[in-house]
Amino acid sequence: CGDMPLRCTRDHMSIEKPYADGVINWDHVEALFQYGIQDCMKVNSSANPLMLAETFFTDLDSKKKLMEICFESFDTPAMYIMKDGVLSAFSAGRPSALVVDMGARGTRITPVIDGYAIEKATISSPRGGDWLDQQLLARFEANKVTIKPWYECIGSATTATAKWANIHPSFRSMHVLDVVREAKSWMCFIPYQTIPGSRADYIARINMPPYELPDRTLVHSSEDVCFLPELLVTTSGTDSSGRNGSGSGDESGK
């Protein structure tokens, strides 16, 4: 657990997500709790009640398993699971609100009225941070830009190819996406007001410096890259399944 151990290259080490494809790996969940409560927060779980935000643990069986881990593995005296949309509304001091939760896995819009989340009116979309990273990576590949992780840029090309032959594809993909996220924070934006004239002219006018990849390749700003985050708030483009979301009225385009 944690970010730093993932920065050390190891042969055949794969990167897995604890919530992959809707299947929860409870060993991973317990390890994350261990890391968050004891290693990061450094609190005594047996002396502090827990209030958890409900995100992935929505069905009854998942909640039972979550409570089992908290009570048996961490000896917590009490716990409560609350809707994350409700917590977000109350953190802003509003018992009634329209909560827009835009995260890595997707976007969810939840109406909260008097402290209760209206489940039937909740709208979700697969468009989120991870989806946007994949879209930006596809833009780079379409523009013939090859992204290499930092460790492949050490030494000559021949030495690097032989040295990193045993790196697991999932580990390499994680580091490639790290570069994509940094490029996204450097190059991408959503204009706060209407841009007069051509967008291409606007990009040329602001004279944004190019982004330097780990192999020292320079990536210059372009319209399709800089304005990419607008896909999160518009109905144009395609969703994660490749369907056209423009004017379709389905959930993928919202």
# chains A, B, ... in the order shown; residues from 1 in each chain; ligands from 1
$ select_by_dssp --residues "stretch 3-89 of chain A" --states "strand (DSSP E or B)" --output "list in words"
Leu50, Met51, Leu52, Ala53, Glu54, Met79, Tyr80, Ile81, Met82 and Lys83 of chain A
$ select_by_dssp --residues "stretch 1-212 of chain A" --states "alpha helix (DSSP H)" --output "MDAnalysis selection string"
chainID A and resid 26:33 60:68 84:91 129:142 157:163 169:187 199:206
$ write_last_selection --atoms "C-alpha atoms" --output "PDB file, in the first residue's frame"
ATOM      1  CA  TRP A  26     -11.481  -8.089   0.595  1.00  0.00           C
ATOM      2  CA  ASP A  27      -7.845  -8.862   1.393  1.00  0.00           C
ATOM      3  CA  HIS A  28      -6.938  -5.712  -0.507  1.00  0.00           C
ATOM      4  CA  VAL A  29      -9.661  -3.725   1.264  1.00  0.00           C
ATOM      5  CA  GLU A  30      -8.367  -4.821   4.663  1.00  0.00           C
ATOM      6  CA  ALA A  31      -4.811  -3.902   3.657  1.00  0.00           C
ATOM      7  CA  LEU A  32      -6.008  -0.438   2.585  1.00  0.00           C
ATOM      8  CA  PHE A  33      -7.787   0.034   5.922  1.00  0.00           C
ATOM      9  CA  LEU A  60     -26.140  -5.679   1.898  1.00  0.00           C
ATOM     10  CA  ASP A  61     -23.535  -8.446   1.627  1.00  0.00           C
ATOM     11  CA  SER A  62     -20.744  -5.914   1.027  1.00  0.00           C
ATOM     12  CA  LYS A  63     -21.826  -3.892   4.033  1.00  0.00           C
ATOM     13  CA  LYS A  64     -21.872  -7.002   6.217  1.00  0.00           C
ATOM     14  CA  LYS A  65     -18.367  -7.931   5.113  1.00  0.00           C
ATOM     15  CA  LEU A  66     -17.175  -4.388   5.695  1.00  0.00           C
ATOM     16  CA  MET A  67     -18.583  -4.410   9.221  1.00  0.00           C
ATOM     17  CA  GLU A  68     -16.977  -7.795   9.855  1.00  0.00           C
ATOM     18  CA  ASP A  84     -21.072   9.914   0.367  1.00  0.00           C
ATOM     19  CA  GLY A  85     -23.367  12.444  -1.320  1.00  0.00           C
ATOM     20  CA  VAL A  86     -24.960  13.267   2.036  1.00  0.00           C
ATOM     21  CA  LEU A  87     -21.545  13.706   3.641  1.00  0.00           C
ATOM     22  CA  SER A  88     -20.477  16.053   0.843  1.00  0.00           C
ATOM     23  CA  ALA A  89     -23.633  18.146   1.247  1.00  0.00           C
ATOM     24  CA  PHE A  90     -23.244  18.466   5.014  1.00  0.00           C
ATOM     25  CA  SER A  91     -19.532  19.286   4.665  1.00  0.00           C
ATOM     26  CA  GLY A 129     -10.371  10.901 -14.246  1.00  0.00           C
ATOM     27  CA  ASP A 130      -9.314   7.433 -15.446  1.00  0.00           C
ATOM     28  CA  TRP A 131     -11.501   7.731 -18.549  1.00  0.00           C
ATOM     29  CA  LEU A 132     -10.024  11.143 -19.322  1.00  0.00           C
ATOM     30  CA  ASP A 133      -6.497   9.734 -18.969  1.00  0.00           C
ATOM     31  CA  GLN A 134      -7.297   7.079 -21.558  1.00  0.00           C
ATOM     32  CA  GLN A 135      -8.732   9.713 -23.890  1.00  0.00           C
ATOM     33  CA  LEU A 136      -5.576  11.820 -23.611  1.00  0.00           C
ATOM     34  CA  LEU A 137      -3.362   8.776 -24.166  1.00  0.00           C
ATOM     35  CA  ALA A 138      -5.366   7.988 -27.319  1.00  0.00           C
ATOM     36  CA  ARG A 139      -4.837  11.581 -28.511  1.00  0.00           C
ATOM     37  CA  PHE A 140      -1.089  11.238 -28.007  1.00  0.00           C
ATOM     38  CA  GLU A 141      -0.989   7.934 -29.880  1.00  0.00           C
ATOM     39  CA  ALA A 142      -3.035   9.422 -32.738  1.00  0.00           C
ATOM     40  CA  ALA A 157      17.735   2.118 -25.754  1.00  0.00           C
ATOM     41  CA  THR A 158      19.394  -1.307 -26.104  1.00  0.00           C
ATOM     42  CA  THR A 159      20.254  -1.499 -22.404  1.00  0.00           C
ATOM     43  CA  ALA A 160      16.781  -0.361 -21.369  1.00  0.00           C
ATOM     44  CA  THR A 161      15.048  -2.965 -23.543  1.00  0.00           C
ATOM     45  CA  ALA A 162      17.032  -5.808 -21.975  1.00  0.00           C
ATOM     46  CA  LYS A 163      16.899  -4.469 -18.417  1.00  0.00           C
ATOM     47  CA  PRO A 169       2.526  -4.826 -18.415  1.00  0.00           C
ATOM     48  CA  SER A 170       0.250  -3.534 -15.635  1.00  0.00           C
ATOM     49  CA  PHE A 171       3.222  -1.948 -13.865  1.00  0.00           C
ATOM     50  CA  ARG A 172       4.373  -0.276 -17.064  1.00  0.00           C
ATOM     51  CA  SER A 173       0.850   0.918 -17.834  1.00  0.00           C
ATOM     52  CA  MET A 174       0.603   2.540 -14.397  1.00  0.00           C
ATOM     53  CA  HIS A 175       3.780   4.542 -14.976  1.00  0.00           C
ATOM     54  CA  VAL A 176       2.722   5.526 -18.499  1.00  0.00           C
ATOM     55  CA  LEU A 177      -0.546   6.856 -17.112  1.00  0.00           C
ATOM     56  CA  ASP A 178       1.415   8.751 -14.453  1.00  0.00           C
ATOM     57  CA  VAL A 179       3.105  10.653 -17.275  1.00  0.00           C
ATOM     58  CA  VAL A 180      -0.272  11.192 -18.961  1.00  0.00           C
ATOM     59  CA  ARG A 181      -1.741  12.651 -15.758  1.00  0.00           C
ATOM     60  CA  GLU A 182       1.146  15.047 -15.359  1.00  0.00           C
ATOM     61  CA  ALA A 183       0.787  16.104 -18.987  1.00  0.00           C
ATOM     62  CA  LYS A 184      -2.943  16.561 -18.384  1.00  0.00           C
ATOM     63  CA  SER A 185      -2.312  18.904 -15.448  1.00  0.00           C
ATOM     64  CA  TRP A 186       0.183  20.858 -17.570  1.00  0.00           C
ATOM     65  CA  MET A 187      -1.673  21.106 -20.882  1.00  0.00           C
ATOM     66  CA  ARG A 199      -9.699  27.915 -30.643  1.00  0.00           C
ATOM     67  CA  ALA A 200      -6.566  27.078 -32.610  1.00  0.00           C
ATOM     68  CA  ASP A 201      -5.731  30.791 -32.718  1.00  0.00           C
ATOM     69  CA  TYR A 202      -6.363  31.010 -28.981  1.00  0.00           C
ATOM     70  CA  ILE A 203      -3.898  28.181 -28.303  1.00  0.00           C
ATOM     71  CA  ALA A 204      -1.291  29.931 -30.421  1.00  0.00           C
ATOM     72  CA  ARG A 205      -1.999  33.255 -28.718  1.00  0.00           C
ATOM     73  CA  ILE A 206      -1.534  32.080 -25.133  1.00  0.00           C
TER      74      ILE A 206
END
$ residues_around --residues "A:Ile190" --least-positions-apart "4" --cutoff "12 Å" --atoms "only C-alpha atoms" --output "PDB file with all heavy atoms, in the first residue's frame"
ATOM      1  N   LYS A 184      -1.576  16.031 -18.457  1.00  0.00           N
ATOM      2  CA  LYS A 184      -2.943  16.561 -18.384  1.00  0.00           C
ATOM      3  C   LYS A 184      -2.995  17.797 -17.491  1.00  0.00           C
ATOM      4  O   LYS A 184      -3.633  18.803 -17.835  1.00  0.00           O
ATOM      5  CB  LYS A 184      -3.878  15.481 -17.855  1.00  0.00           C
ATOM      6  CG  LYS A 184      -5.330  15.908 -17.712  1.00  0.00           C
ATOM      7  CD  LYS A 184      -6.200  14.738 -17.256  1.00  0.00           C
ATOM      8  CE  LYS A 184      -5.834  14.289 -15.862  1.00  0.00           C
ATOM      9  NZ  LYS A 184      -6.723  13.224 -15.365  1.00  0.00           N
ATOM     10  N   SER A 185      -2.316  17.746 -16.347  1.00  0.00           N
ATOM     11  CA  SER A 185      -2.312  18.904 -15.448  1.00  0.00           C
ATOM     12  C   SER A 185      -1.544  20.077 -16.042  1.00  0.00           C
ATOM     13  O   SER A 185      -1.793  21.234 -15.693  1.00  0.00           O
ATOM     14  CB  SER A 185      -1.707  18.509 -14.095  1.00  0.00           C
ATOM     15  OG  SER A 185      -0.334  18.163 -14.235  1.00  0.00           O
ATOM     16  N   THR A 194     -16.298  32.304 -22.673  1.00  0.00           N
ATOM     17  CA  THR A 194     -16.320  31.999 -24.096  1.00  0.00           C
ATOM     18  C   THR A 194     -15.070  32.529 -24.785  1.00  0.00           C
ATOM     19  O   THR A 194     -14.654  33.664 -24.562  1.00  0.00           O
ATOM     20  CB  THR A 194     -17.567  32.604 -24.756  1.00  0.00           C
ATOM     21  OG1 THR A 194     -18.732  32.116 -24.094  1.00  0.00           O
ATOM     22  CG2 THR A 194     -17.626  32.227 -26.232  1.00  0.00           C
ATOM     23  N   ILE A 195     -14.465  31.680 -25.616  1.00  0.00           N
ATOM     24  CA  ILE A 195     -13.257  32.069 -26.334  1.00  0.00           C
ATOM     25  C   ILE A 195     -13.647  32.762 -27.630  1.00  0.00           C
ATOM     26  O   ILE A 195     -14.352  32.170 -28.461  1.00  0.00           O
ATOM     27  CB  ILE A 195     -12.386  30.834 -26.631  1.00  0.00           C
ATOM     28  CG1 ILE A 195     -11.876  30.230 -25.321  1.00  0.00           C
ATOM     29  CG2 ILE A 195     -11.218  31.191 -27.531  1.00  0.00           C
ATOM     30  CD1 ILE A 195     -11.082  28.972 -25.512  1.00  0.00           C
ATOM     31  N   GLU A 223      -5.367  21.945 -30.036  1.00  0.00           N
ATOM     32  CA  GLU A 223      -6.764  22.133 -29.637  1.00  0.00           C
ATOM     33  C   GLU A 223      -7.380  20.862 -29.082  1.00  0.00           C
ATOM     34  O   GLU A 223      -8.102  20.890 -28.083  1.00  0.00           O
ATOM     35  CB  GLU A 223      -7.563  22.628 -30.844  1.00  0.00           C
ATOM     36  CG  GLU A 223      -9.029  22.887 -30.540  1.00  0.00           C
ATOM     37  CD  GLU A 223      -9.774  23.369 -31.760  1.00  0.00           C
ATOM     38  OE1 GLU A 223      -9.117  23.709 -32.766  1.00  0.00           O
ATOM     39  OE2 GLU A 223     -11.017  23.400 -31.718  1.00  0.00           O
ATOM     40  N   VAL A 225      -6.041  18.477 -27.517  1.00  0.00           N
ATOM     41  CA  VAL A 225      -5.478  18.097 -26.218  1.00  0.00           C
ATOM     42  C   VAL A 225      -5.865  19.094 -25.137  1.00  0.00           C
ATOM     43  O   VAL A 225      -6.339  18.711 -24.059  1.00  0.00           O
ATOM     44  CB  VAL A 225      -3.942  17.975 -26.311  1.00  0.00           C
ATOM     45  CG1 VAL A 225      -3.338  17.824 -24.918  1.00  0.00           C
ATOM     46  CG2 VAL A 225      -3.551  16.786 -27.172  1.00  0.00           C
ATOM     47  N   CYS A 226      -5.705  20.380 -25.396  1.00  0.00           N
ATOM     48  CA  CYS A 226      -5.929  21.390 -24.370  1.00  0.00           C
ATOM     49  C   CYS A 226      -7.369  21.423 -23.871  1.00  0.00           C
ATOM     50  O   CYS A 226      -7.628  21.591 -22.679  1.00  0.00           O
ATOM     51  CB  CYS A 226      -5.539  22.763 -24.904  1.00  0.00           C
ATOM     52  SG  CYS A 226      -3.761  22.982 -25.130  1.00  0.00           S
ATOM     53  N   PHE A 227      -8.342  21.242 -24.758  1.00  0.00           N
ATOM     54  CA  PHE A 227      -9.747  21.350 -24.381  1.00  0.00           C
ATOM     55  C   PHE A 227     -10.385  19.992 -24.104  1.00  0.00           C
ATOM     56  O   PHE A 227     -11.608  19.882 -24.017  1.00  0.00           O
ATOM     57  CB  PHE A 227     -10.529  22.065 -25.491  1.00  0.00           C
ATOM     58  CG  PHE A 227     -10.067  23.469 -25.731  1.00  0.00           C
ATOM     59  CD1 PHE A 227      -9.278  23.781 -26.822  1.00  0.00           C
ATOM     60  CD2 PHE A 227     -10.410  24.480 -24.858  1.00  0.00           C
ATOM     61  CE1 PHE A 227      -8.850  25.076 -27.052  1.00  0.00           C
ATOM     62  CE2 PHE A 227      -9.985  25.779 -25.074  1.00  0.00           C
ATOM     63  CZ  PHE A 227      -9.198  26.082 -26.171  1.00  0.00           C
ATOM     64  N   LEU A 228      -9.552  18.957 -23.935  1.00  0.00           N
ATOM     65  CA  LEU A 228     -10.078  17.608 -23.715  1.00  0.00           C
ATOM     66  C   LEU A 228     -10.983  17.488 -22.479  1.00  0.00           C
ATOM     67  O   LEU A 228     -11.991  16.781 -22.523  1.00  0.00           O
ATOM     68  CB  LEU A 228      -8.913  16.614 -23.613  1.00  0.00           C
ATOM     69  CG  LEU A 228      -9.287  15.134 -23.544  1.00  0.00           C
ATOM     70  CD1 LEU A 228      -9.951  14.690 -24.841  1.00  0.00           C
ATOM     71  CD2 LEU A 228      -8.053  14.281 -23.272  1.00  0.00           C
ATOM     72  N   PRO A 229     -10.690  18.145 -21.341  1.00  0.00           N
ATOM     73  CA  PRO A 229     -11.554  17.996 -20.162  1.00  0.00           C
ATOM     74  C   PRO A 229     -12.994  18.423 -20.383  1.00  0.00           C
ATOM     75  O   PRO A 229     -13.865  18.083 -19.571  1.00  0.00           O
ATOM     76  CB  PRO A 229     -10.867  18.883 -19.113  1.00  0.00           C
ATOM     77  CG  PRO A 229      -9.447  18.922 -19.528  1.00  0.00           C
ATOM     78  CD  PRO A 229      -9.478  18.925 -21.021  1.00  0.00           C
ATOM     79  N   GLU A 230     -13.280  19.162 -21.445  1.00  0.00           N
ATOM     80  CA  GLU A 230     -14.668  19.550 -21.705  1.00  0.00           C
ATOM     81  C   GLU A 230     -15.560  18.341 -21.954  1.00  0.00           C
ATOM     82  O   GLU A 230     -16.777  18.428 -21.817  1.00  0.00           O
ATOM     83  CB  GLU A 230     -14.735  20.504 -22.900  1.00  0.00           C
ATOM     84  CG  GLU A 230     -14.200  21.903 -22.604  1.00  0.00           C
ATOM     85  CD  GLU A 230     -14.458  22.868 -23.743  1.00  0.00           C
ATOM     86  OE1 GLU A 230     -14.693  22.400 -24.878  1.00  0.00           O
ATOM     87  OE2 GLU A 230     -14.423  24.088 -23.501  1.00  0.00           O
ATOM     88  N   LEU A 231     -14.956  17.208 -22.334  1.00  0.00           N
ATOM     89  CA  LEU A 231     -15.747  15.991 -22.535  1.00  0.00           C
ATOM     90  C   LEU A 231     -16.427  15.528 -21.250  1.00  0.00           C
ATOM     91  O   LEU A 231     -17.405  14.791 -21.297  1.00  0.00           O
ATOM     92  CB  LEU A 231     -14.858  14.866 -23.076  1.00  0.00           C
ATOM     93  CG  LEU A 231     -14.307  15.044 -24.496  1.00  0.00           C
ATOM     94  CD1 LEU A 231     -13.414  13.867 -24.854  1.00  0.00           C
ATOM     95  CD2 LEU A 231     -15.437  15.172 -25.506  1.00  0.00           C
ATOM     96  N   LEU A 232     -15.906  15.965 -20.098  1.00  0.00           N
ATOM     97  CA  LEU A 232     -16.518  15.585 -18.823  1.00  0.00           C
ATOM     98  C   LEU A 232     -17.829  16.317 -18.569  1.00  0.00           C
ATOM     99  O   LEU A 232     -18.650  15.849 -17.786  1.00  0.00           O
ATOM    100  CB  LEU A 232     -15.549  15.862 -17.671  1.00  0.00           C
ATOM    101  CG  LEU A 232     -14.267  15.031 -17.635  1.00  0.00           C
ATOM    102  CD1 LEU A 232     -13.352  15.533 -16.532  1.00  0.00           C
ATOM    103  CD2 LEU A 232     -14.577  13.553 -17.441  1.00  0.00           C
ATOM    104  N   VAL A 233     -18.017  17.463 -19.218  1.00  0.00           N
ATOM    105  CA  VAL A 233     -19.187  18.280 -18.928  1.00  0.00           C
ATOM    106  C   VAL A 233     -20.025  18.571 -20.167  1.00  0.00           C
ATOM    107  O   VAL A 233     -20.942  19.392 -20.120  1.00  0.00           O
ATOM    108  CB  VAL A 233     -18.765  19.619 -18.269  1.00  0.00           C
ATOM    109  CG1 VAL A 233     -18.175  19.372 -16.895  1.00  0.00           C
ATOM    110  CG2 VAL A 233     -17.750  20.349 -19.139  1.00  0.00           C
ATOM    111  N   THR A 234     -19.729  17.903 -21.273  1.00  0.00           N
ATOM    112  CA  THR A 234     -20.523  18.079 -22.476  1.00  0.00           C
ATOM    113  C   THR A 234     -21.013  16.725 -22.956  1.00  0.00           C
ATOM    114  O   THR A 234     -20.591  15.676 -22.467  1.00  0.00           O
ATOM    115  CB  THR A 234     -19.702  18.738 -23.608  1.00  0.00           C
ATOM    116  OG1 THR A 234     -18.617  17.869 -23.968  1.00  0.00           O
ATOM    117  CG2 THR A 234     -19.150  20.078 -23.166  1.00  0.00           C
TER     118      THR A 234
END
$ closest_residue --among "A:Cys70, A:Gln38, A:Gly115, A:Arg105" --to "A:Lys83" --atoms "only C-alpha atoms"
A:Gly115
$ residues_around --residues "A:Ile167" --least-positions-apart "5" --cutoff "8 Å" --atoms "only C-alpha atoms" --output "ChimeraX atom specification"
/A:9-13,172
$ write_last_selection --atoms "C-alpha atoms" --output "PDB file, in the first residue's frame"
ATOM      1  CA  THR A   9      10.791  -1.299 -10.226  1.00  0.00           C
ATOM      2  CA  ARG A  10      10.449  -5.020  -9.552  1.00  0.00           C
ATOM      3  CA  ASP A  11      10.374  -7.879 -12.009  1.00  0.00           C
ATOM      4  CA  HIS A  12       6.975  -9.516 -12.611  1.00  0.00           C
ATOM      5  CA  MET A  13       5.164  -7.256 -10.104  1.00  0.00           C
ATOM      6  CA  ARG A 172       4.373  -0.276 -17.064  1.00  0.00           C
TER       7      ARG A 172
END
$ closest_residue --among "A:Asn48, A:Thr107, A:Gln34, A:Ser14" --to "A:Ser73" --atoms "only C-alpha atoms"
A:Gln34
$ atom_distance --atom1 "atom CA of A:Glu152" --atom2 "atom CA of A:Arg216"
12.1 Å
$ residues_around --residues "A:Met51" --least-positions-apart "5" --cutoff "8 Å" --atoms "only C-alpha atoms" --output "count of residues only"
4
$ atom_distance --atom1 "atom CA of A:Ser46" --atom2 "atom CA of A:Cys1"
21.6 Å
$ closest_residue --among "A:Arg127, A:Lys148, A:Lys42, A:His168" --to "A:Leu213" --atoms "only C-alpha atoms"
A:Lys148
